[in-house]
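Asker: Have a look at the structure that comes next, please.
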Amino acid sequence: MLRNEEIKILVEALPYLRDFKGKTVVVKYGGNAMLNDDIKTKVLQDIIFLKCAGLRPIVVHGGGPEITAQMVKAGKKTQFVGGLRVTDEESVGITEMALVGKINTDLVGRLNRLGGKAVGLNGKDANLIQARKHLADVYENGEVNLVDIGYVGTVEHINTELLNVLLDNDFIPVIAPTGVGATGETYNINADSVAGEIAGALKAEKLLVLTDVKGIYADYRDESTFLSTMSFEKAQELIIKGNIDGGMIPKVKACITALSGGAKKAQIIDGRAEHSILMEVFSDEGVGTEVVKTL
């Protein structure tokens, strides 16, 4: 039997269930939410709930820890520039094996066991993610330098036709962030960037970027500086000042990309918090940091 508190939660969710029915939500899933099995189950349950509630979820997953583990096994050192993994020719093969061969198939299997109709995809499937070489932005003394970091890609085009066919037929696309170049070469692409591009290309209702902290802080060393809302201008200012750095930079840029491409909303939320996706989508309060074009 439902308790009064549970009934209140359902009533609060009612307008969101009505407004979001049929809308596309892109979830970028990664970080520690992928490492803890209990949290992983709750995240995937949230995605199944979105589907059962009539939304059209798409999952774009990362896999940094698994890639690092495979690199260690192969005797390769891991290096990051501007929050992005430096990837030579051997490393891109290791990355593809970890992302496509292991993580993607695991997530698809788990979603299907929970009652979903999940389909695993990577950038080479029907040229889903066409890419070119990416040069990393490195901020030093207020200036930007471009650095070649190997087989790391920038998205040039998303095959939205494939995604819409799957969504229209009640499938949940689960996408590994690898891209295909003009001559068939594989590119490792930051999963946040892929999620932002897909959300923008599909004019998604929401982009939800799961991370390992509450959201964005004006000063990442001080939790009292948490920002519930942040504009493009504020994001760029914090990046240049070094207050947003490392792996958080691609997350913020993903939100900017999504909104610039036509997505309605973009949020960075704590994927470790229990059912944070449902709290963000179906509650008045919401969670995390919302990135907006202007305040």
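Every chain in the structure tokens takes a letter, A first, then B, and so on in the order presented; its residues are numbered from 1, and the ligands are numbered from 1 following the presented order.
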Which residues of region 12-77 of chain A have any atom within 9 Å of an atom in region 99-109 of chain A when counting only C-alpha atoms, and what is the closest pair of atoms for each, with the distance in Å to one decimal? Order the rows by chain and rising number and write it as CSV.

Answerer:
residue,atom,partner,partner_atom,distance
A:Leu44,CA,A:Leu107,CA,8.3
A:His61,CA,A:Asn104,CA,7.7
A:Gly62,CA,A:Leu99,CA,7.4
A:Gly63,CA,A:Leu99,CA,6.2
A:Gly64,CA,A:Leu99,CA,8.9
A:Glu66,CA,A:Leu99,CA,8.0
A:Ile67,CA,A:Leu99,CA,7.4

Asker: DSSP on the backbone: what in region 76-249 of chain A comes out strand (DSSP E), as an NGL selection string?

Answerer: :A and (80-81 or 84-85 or 118-121 or 129-140 or 143-158 or 172-175 or 178-180 or 186-188 or 206-211 or 216-217 or 226-227 or 229-231)

Asker: Choose the residue, out of A:Ile47, A:Ile9, A:Val165, A:Ala273, that has the smallest atom-to-atom separation from Val60 (chain A); count only C-alpha atoms.

Answerer: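 Comparing A:Ile47, A:Ile9, A:Val165, A:Ala273 against Val60 (chain A), the winner is A:Ile47.
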
Asker: Suppose you want the space between CA of Leu17 (chain A) and CA of Cys52 (chain A); what is it in Å?

Answerer: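 Interatomic distance here is 10.4 Å.
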
Asker: One decimal, Å: what's the distance from CA of Val180 (chain A) over to CA of Lys206 (chain A), could you say?

Answerer: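 Taking CA of Val180 (chain A) as the start and CA of Lys206 (chain A) as the end point, the length is 25.9 Å.
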
Asker: Record the distance separating CA of Gln45 (chain A) and CA of Val119 (chain A), expressed in Å with one decimal.

Answerer: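 If I compute the distance from CA of Gln45 (chain A) to CA of Val119 (chain A), I get 16.1 Å.
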
Asker: Give me the residues within 7 Å of region 233-239 of chain A as a JSON list (two decimals) with N, CA and C atoms, in the first residue's frame, counting only C-alpha atoms and dropping any in the same chain fewer than 6 places off.

Answerer:
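File produced: result_20.json:
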[["chain", "number", "residue", "atom", "x", "y", "z"],
["A", 218, "ALA", "N", 31.52, 27.96, -7.92],
["A", 218, "ALA", "CA", 32.29, 29.13, -8.37],
["A", 218, "ALA", "C", 33.76, 28.94, -8.01],
["A", 245, "ASP", "N", 38.00, 23.03, -13.94],
["A", 245, "ASP", "CA", 39.15, 22.45, -14.64],
["A", 245, "ASP", "C", 38.98, 20.95, -14.80],
["A", 249, "ILE", "N", 35.45, 20.48, -17.35],
["A", 249, "ILE", "CA", 35.39, 21.37, -18.50],
["A", 249, "ILE", "C", 34.55, 20.78, -19.63]]

Asker: With 7 Å as the cut-off and only C-alpha atoms counted, what is the closest atom pair between each nearby residue of region 71-178 of chain A and region 184-187 of chain A? Distances in Å to one decimal, ordered by chain and number, as a Markdown table.

Answerer:
| residue | atom | partner | partner_atom | distance |
| --- | --- | --- | --- | --- |
| A:Val92 | CA | A:Tyr187 | CA | 6.9 |
| A:Tyr151 | CA | A:Tyr187 | CA | 5.1 |
| A:Val152 | CA | A:Tyr187 | CA | 5.2 |
| A:Gly153 | CA | A:Tyr187 | CA | 5.0 |
| A:Thr178 | CA | A:Tyr187 | CA | 5.6 |

Asker: With distances taken over only C-alpha atoms, which residue among A:Leu121, A:Ala126, A:Leu10, A:Ala191 lies nearest Met279 (chain A)?

Answerer: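 Nearest to Met279 (chain A): A:Leu10.
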
Asker: Name all residues at most 8 Å from Val194 (chain A) (count only C-alpha atoms; drop same-chain ones fewer than 2 positions away) and give them as an MDAnalysis selection string.

Answerer: chainID A and resid 60 155 177 189:192 196:198 254

Asker: Write a file of the just-selected residues containing C-alpha atoms, as a CSV table (one decimal), in the first residue's frame.

Answerer:
chain,number,residue,atom,x,y,z
A,60,VAL,CA,25.6,8.1,-23.8
A,155,VAL,CA,31.9,15.4,-33.7
A,177,PRO,CA,31.5,7.6,-27.6
A,189,ILE,CA,35.6,11.2,-28.3
A,190,ASN,CA,34.8,12.6,-24.9
A,191,ALA,CA,31.4,11.1,-23.8
A,192,ASP,CA,30.3,14.5,-22.5
A,196,GLY,CA,26.0,17.4,-25.9
A,197,GLU,CA,26.1,17.0,-29.7
A,198,ILE,CA,23.4,14.4,-29.7
A,254,ALA,CA,28.6,19.8,-23.4

Asker: Check the smallest atom-to-atom distance from each of A:Arg56, A:Arg110, A:Lys203, A:Lys253 to Pro173 (chain A) using only C-alpha atoms, then report the winner.

Answerer: A:Arg56

Asker: Would you mind telling me which residue in A:Gly123, A:Pro15, A:Pro65, A:Gly82 lies nearest to Lys251 (chain A) when using only C-alpha atoms?

Answerer: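 For Lys251 (chain A), the nearest of the given residues is A:Gly82.
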
Asker: Calculated over only C-alpha atoms, which of the candidates A:Lys28, A:Arg85, A:Lys117, A:Lys8 has the smallest distance to Ile149 (chain A)?

Answerer: A:Arg85

Asker: I'd like a table as a tab-separated table: residues in region 140-245 of chain A with an atom no more than 7 Å from region 265-272 of chain A, each row giving the shortest atom pair and its distance in Å to one decimal, only C-alpha atoms counted, sorted by chain and rising residue number.

Answerer:
residue	atom	partner	partner_atom	distance
A:Glu205	CA	A:Lys265	CA	6.2
A:Lys206	CA	A:Lys265	CA	4.8
A:Leu207	CA	A:Ala266	CA	4.6
A:Leu208	CA	A:Gln267	CA	5.1
A:Val209	CA	A:Ile268	CA	4.7
A:Leu210	CA	A:Gly271	CA	4.7
A:Thr211	CA	A:Asp270	CA	5.1
A:Asp212	CA	A:Asp270	CA	5.5
A:Val213	CA	A:Asp270	CA	5.2
A:Lys214	CA	A:Asp270	CA	4.9
A:Gly215	CA	A:Ile269	CA	5.6

Asker: Using only C-alpha atoms, which residues sit within 12 Å of Thr225 (chain A) once same-chain residues fewer than 5 positions away are excluded, as a PyMOL selection string?

Answerer: chain A and resi 214-220+230+243+289
